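**Q** To start, I am sharing the structure in question, which I have written as structure tokens.
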Amino acid sequence: EAFKAETRKRMQESNDRRAQRELEDNIVKTITDKAETEIPDALVESQIDRMVQEMEYRLMYQGLRLEDYLKYSKMSLEDYRKGYEPQAREIVKQQLVIDKIISDEKIEAGEEELEKKIAENAAAQNKSAEEYKKENESRMDYLKNEIVIEKLFDFLKNANTIE
């Protein structure tokens with residue numbers, strides 16, 4: 001019974017997280033679709049570079065090289081990169097819109113919020129906050145960004161009608 005209850009709890013938490021991500025994705029997509037913004041080609045190219053590199057890594061884990069994949073697919077690198085352009089353009093637009101909202105609404109991660117996040121993460125790892133900070137010094141900017149994103153979505157959910 002305890003195993004069933006724990007399994008049910010984990011499945012419910014997983015479903016809740018997935019539903020939350022879908023809601024957030026839909027909010028960003030809706031806002032981005034309505035936004036009019038200039039999308040610099042240099043940012044799109046940088047995003048395509050990242051996407052191609054991610055694909056290269058995935059292929060390496062499968063024992064393939066990108067060059068071989070392109071050869072088997074009868075595709076040039078240029079054509080392959082062009083295939084990523086619409087998605088890269090959308091990602092860049094979303095990031096620009098998100099950055100603009102964060103800037104306009106002055107959404108920031110305060111020290112108190114950072115300390116709370118550190119305490120939560122430390123507790124989840126059965127560590128003290130000090131231990132966690134010491135071991136994760138390089139992640140502090142990541143944690144601040146995580147807080148900003150959480151606050152952004154709280155703002156967007158409260159400021160919009162969700163159907």
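To be explicit about the labels: the chains of the structure tokens are called A, B, and onward in the order shown, and within each one the residues are counted from 1, while ligands get numbers from 1 in the order they are shown.
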Within 9 Å of Glu56 (chain A), counting only C-alpha atoms, which residues qualify if same-chain residues fewer than 5 places away don't, as a VMD selection string?
**A** chain A and resid 51 61 64 to 66
**Q** Out of A:Ile98, A:Ile39, A:Leu114, A:Val92, which residue has the shortest atom-to-atom distance to Ile27 (chain A) when counting only C-alpha atoms?
**A**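 Among A:Ile98, A:Ile39, A:Leu114, A:Val92, it is A:Ile98 that comes nearest to Ile27 (chain A).
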**Q** Within 12 Å of Glu38 (chain A), counting only C-alpha atoms, which residues show up once you throw out same-chain ones fewer than 4 positions away? Write them as an MDAnalysis selection string, please.
**A** chainID A and resid 42:44 89:90 92:94 96:97
**Q** Which polymer residues have any atom within 7 Å of an atom of region 145-149 of chain A, counting only C-alpha atoms, with same-chain residues fewer than 5 positions away left out, as a ChimeraX atom specification?
**A** /A:107-109
**Q** In region 51-129 of chain A, what's alpha helix (DSSP H) per DSSP? Answer as an MDAnalysis selection string?
**A** chainID A and resid 51:61 66:73 77:104 111:124 129
**Q** Work out how far CA of Asn126 (chain A) is from CA of Ser138 (chain A), in Å to one decimal.
**A**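 Computing the Euclidean distance for CA of Ser138 (chain A) and CA of Asn126 (chain A) yields 19.6 Å.
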**Q** Applying 12 Å and only C-alpha atoms, which residues near Tyr132 (chain A) remain after dropping the ones on its own chain fewer than 5 positions away? List them as a list in words.
**A**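 Once the nearby chain positions are removed, what remains is Glu115, Lys117, Ile118, Ala119, Glu120, Asn121, Ala122, Ala123, Ala124, Gln125, Asn126, Lys127, Glu137, Ser138, Arg139 and Met140 of chain A.
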**Q** Output N, CA and C atoms of each residue in that selection to a file, as a JSON list (two decimals), in the first residue's frame.
**A**
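This is the output file again32.json:
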```json
[["chain", "number", "residue", "atom", "x", "y", "z"],
["A", 115, "GLU", "N", 18.00, 33.19, -0.90],
["A", 115, "GLU", "CA", 18.28, 32.41, 0.32],
["A", 115, "GLU", "C", 17.24, 31.32, 0.54],
["A", 117, "LYS", "N", 15.45, 29.85, -1.85],
["A", 117, "LYS", "CA", 15.68, 28.82, -2.88],
["A", 117, "LYS", "C", 16.87, 27.95, -2.49],
["A", 118, "ILE", "N", 17.92, 28.56, -1.98],
["A", 118, "ILE", "CA", 19.09, 27.82, -1.53],
["A", 118, "ILE", "C", 18.71, 26.86, -0.41],
["A", 119, "ALA", "N", 17.93, 27.35, 0.54],
["A", 119, "ALA", "CA", 17.49, 26.50, 1.66],
["A", 119, "ALA", "C", 16.66, 25.32, 1.18],
["A", 120, "GLU", "N", 15.76, 25.58, 0.21],
["A", 120, "GLU", "CA", 14.93, 24.49, -0.35],
["A", 120, "GLU", "C", 15.79, 23.44, -1.03],
["A", 121, "ASN", "N", 16.71, 23.90, -1.87],
["A", 121, "ASN", "CA", 17.58, 22.97, -2.59],
["A", 121, "ASN", "C", 18.49, 22.21, -1.64],
["A", 122, "ALA", "N", 19.00, 22.90, -0.63],
["A", 122, "ALA", "CA", 19.88, 22.26, 0.36],
["A", 122, "ALA", "C", 19.11, 21.18, 1.11],
["A", 123, "ALA", "N", 17.89, 21.51, 1.54],
["A", 123, "ALA", "CA", 17.07, 20.53, 2.27],
["A", 123, "ALA", "C", 16.79, 19.30, 1.42],
["A", 124, "ALA", "N", 16.53, 19.51, 0.13],
["A", 124, "ALA", "CA", 16.25, 18.39, -0.77],
["A", 124, "ALA", "C", 17.46, 17.47, -0.91],
["A", 125, "GLN", "N", 18.66, 18.02, -0.66],
["A", 125, "GLN", "CA", 19.90, 17.22, -0.74],
["A", 125, "GLN", "C", 20.45, 16.87, 0.63],
["A", 126, "ASN", "N", 19.64, 17.10, 1.67],
["A", 126, "ASN", "CA", 20.05, 16.83, 3.06],
["A", 126, "ASN", "C", 21.37, 17.51, 3.40],
["A", 127, "LYS", "N", 21.47, 18.79, 3.05],
["A", 127, "LYS", "CA", 22.67, 19.57, 3.32],
["A", 127, "LYS", "C", 22.27, 20.86, 4.00],
["A", 137, "GLU", "N", 28.56, 27.28, -5.86],
["A", 137, "GLU", "CA", 28.86, 28.71, -6.10],
["A", 137, "GLU", "C", 28.57, 29.12, -7.53],
["A", 138, "SER", "N", 28.96, 28.28, -8.46],
["A", 138, "SER", "CA", 28.81, 28.61, -9.88],
["A", 138, "SER", "C", 27.35, 28.60, -10.33],
["A", 139, "ARG", "N", 26.45, 28.05, -9.51],
["A", 139, "ARG", "CA", 25.04, 27.96, -9.89],
["A", 139, "ARG", "C", 24.18, 29.10, -9.36],
["A", 140, "MET", "N", 24.75, 30.04, -8.65],
["A", 140, "MET", "CA", 23.95, 31.10, -8.03],
["A", 140, "MET", "C", 23.23, 31.95, -9.08]]
```
**Q** Would you please work out which residue, of A:Tyr69, A:Ala19, A:Lys134, A:Lys144, is nearest to Glu112 (chain A) when using only C-alpha atoms?
**A**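 Smallest distance to Glu112 (chain A) is found for A:Lys144.
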